[in-house]
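J.: Shown below is the structure under consideration.
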Amino acid sequence: KAGVTQTPRYLIKTRGQQVTLSCSPISGHRSVSWYQQTPGQGLQFLFEYFSETQRNKGNFPGRFSGRQFSNSRSEMNVSTLELGDSALYLCASSRGGSDTQYFGPGTRLTVL
Amino acid sequence: GENVGLHLPTLSVQEGDNSIINCAYSNSASDYFIWYKQESGKGPQFIIDIRSNMDKRQGQRVTVLLNKTVKHLSLQIAATQPGDSAVYFCAETGGTSYGKLTFGQGTILTVHP
């Protein structure tokens, strides 16, 4: 069974631009969670989607948004990029409930 | 790496030694705990998990211990190998927020041949 895939793997943007990252979950998984990983803050939860609905949300500004499609694929969007948004963005999928989350390789975003 | 800025705890061992990595969690309501391994340039990889109705769980070369009284979790790796070198994270979740993992800061494990 294929693992979680994320595209693109690397991205370079400039301040003020917006970016969309994509995540394809493991087949049969309906929950997708997004995390931001930085040297200063570690791994922080952004949001979780299940069956196209946002179920949980972390403490990030409204510039960070996401959505999930009927095939469980998910996208996250960051608008008006800031230098501090440079990070590794990870998505994880699970069947939902208390099932284990499995992570993708991440998208490394650099904001110049 | 992703975690240099946090001044992560480090553990350095010789190949063949046993390793113990510790983690303190914060939320008394958490009832599901997971250990992940993250190698440079990769996403976290699931190692082993444990639910709050257990205090010990064993996998292949790994054991997780849970002490709910003091909110402490540990990961034991037997016969540590150079391929075990990585950053290890504990994560907690539970209640109505299973989709949200709260991660510890991580521990850098270095195994010397």
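Within each chain, counting starts at residue 1; across the structure tokens, chains are named A, B, ... in the order shown, with ligands numbered 1 upward in that order.
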Give me, as a PyMOL selection string, the contact residues of chain B against chain A at a cut-off of 12 Å, counting only C-alpha atoms.

T.: chain B and resi 1-8+30-52+87+89-107

J.: I need the chosen residues saved as an mmCIF file, in the first residue's frame, with C-alpha atoms.

T.:
```cif
data_model
loop_
_atom_site.group_PDB
_atom_site.id
_atom_site.type_symbol
_atom_site.label_atom_id
_atom_site.label_comp_id
_atom_site.auth_asym_id
_atom_site.auth_seq_id
_atom_site.Cartn_x
_atom_site.Cartn_y
_atom_site.Cartn_z
ATOM 1 C CA GLY B 1 18.077 19.954 10.924
ATOM 2 C CA GLU B 2 14.542 20.895 11.869
ATOM 3 C CA ASN B 3 15.142 20.784 15.609
ATOM 4 C CA VAL B 4 18.551 22.397 16.153
ATOM 5 C CA GLY B 5 17.080 25.630 17.446
ATOM 6 C CA LEU B 6 15.302 23.893 20.318
ATOM 7 C CA HIS B 7 18.544 22.578 21.889
ATOM 8 C CA LEU B 8 17.177 19.075 22.028
ATOM 9 C CA SER B 30 -4.526 12.113 26.807
ATOM 10 C CA ASP B 31 -5.125 8.398 26.413
ATOM 11 C CA TYR B 32 -3.109 7.464 23.347
ATOM 12 C CA PHE B 33 0.653 7.869 23.042
ATOM 13 C CA ILE B 34 2.949 7.302 20.089
ATOM 14 C CA TRP B 35 6.694 7.284 19.485
ATOM 15 C CA TYR B 36 7.984 8.497 16.140
ATOM 16 C CA LYS B 37 11.463 8.418 14.629
ATOM 17 C CA GLN B 38 12.545 11.163 12.269
ATOM 18 C CA GLU B 39 15.618 10.881 10.103
ATOM 19 C CA SER B 40 17.130 13.891 8.404
ATOM 20 C CA GLY B 41 15.077 15.029 5.431
ATOM 21 C CA LYS B 42 12.186 12.655 6.145
ATOM 22 C CA GLY B 43 8.828 12.768 7.840
ATOM 23 C CA PRO B 44 8.252 11.153 11.250
ATOM 24 C CA GLN B 45 8.025 7.364 11.078
ATOM 25 C CA PHE B 46 5.755 5.409 13.445
ATOM 26 C CA ILE B 47 7.654 3.164 15.867
ATOM 27 C CA ILE B 48 5.260 1.993 18.556
ATOM 28 C CA ASP B 49 2.171 3.169 20.418
ATOM 29 C CA ILE B 50 0.431 2.534 23.705
ATOM 30 C CA ARG B 51 -3.008 3.283 25.092
ATOM 31 C CA SER B 52 -3.712 4.447 28.608
ATOM 32 C CA VAL B 87 15.451 12.271 16.378
ATOM 33 C CA PHE B 89 9.508 12.241 19.350
ATOM 34 C CA CYS B 90 6.774 11.243 21.718
ATOM 35 C CA ALA B 91 3.255 12.398 20.886
ATOM 36 C CA GLU B 92 0.025 12.416 22.868
ATOM 37 C CA THR B 93 -3.609 12.690 21.911
ATOM 38 C CA GLY B 94 -7.019 11.760 23.184
ATOM 39 C CA GLY B 95 -10.515 12.806 24.099
ATOM 40 C CA THR B 96 -12.279 14.670 21.326
ATOM 41 C CA SER B 97 -9.018 15.617 19.643
ATOM 42 C CA TYR B 98 -7.620 12.375 18.263
ATOM 43 C CA GLY B 99 -6.791 14.085 14.996
ATOM 44 C CA LYS B 100 -4.448 16.441 16.833
ATOM 45 C CA LEU B 101 -1.090 15.162 18.051
ATOM 46 C CA THR B 102 0.856 17.164 20.615
ATOM 47 C CA PHE B 103 4.553 16.467 20.258
ATOM 48 C CA GLY B 104 7.400 16.563 22.720
ATOM 49 C CA GLN B 105 10.511 18.500 21.791
ATOM 50 C CA GLY B 106 12.384 15.400 20.634
ATOM 51 C CA THR B 107 15.617 13.620 21.575
#
```

J.: Which residues in chain A does DSSP call strand (DSSP E)? List them as a PyMOL selection string.

T.: chain A and resi 5-7+10-13+19-24+31-38+42-50+53-57+64-68+74-78+87-94+102-103+107-111

J.: Rounded to one decimal, what separation in Å do you get between atom CA of A:Gly84 and atom CA of A:Gln17?

T.: 13.2 Å

J.: Give me, as a list in words, all polymer residues having an atom no more than 8 Å from stretch 55-64 of chain B, counting only C-alpha atoms and skipping those fewer than 5 positions away in the same chain.

T.: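 Listing them by chain and then by number gives Ile48, Asp49, Ile50, Leu73, Ser74, Leu75, Gln76, Ile77, Ala78 and Ala79 of chain B.
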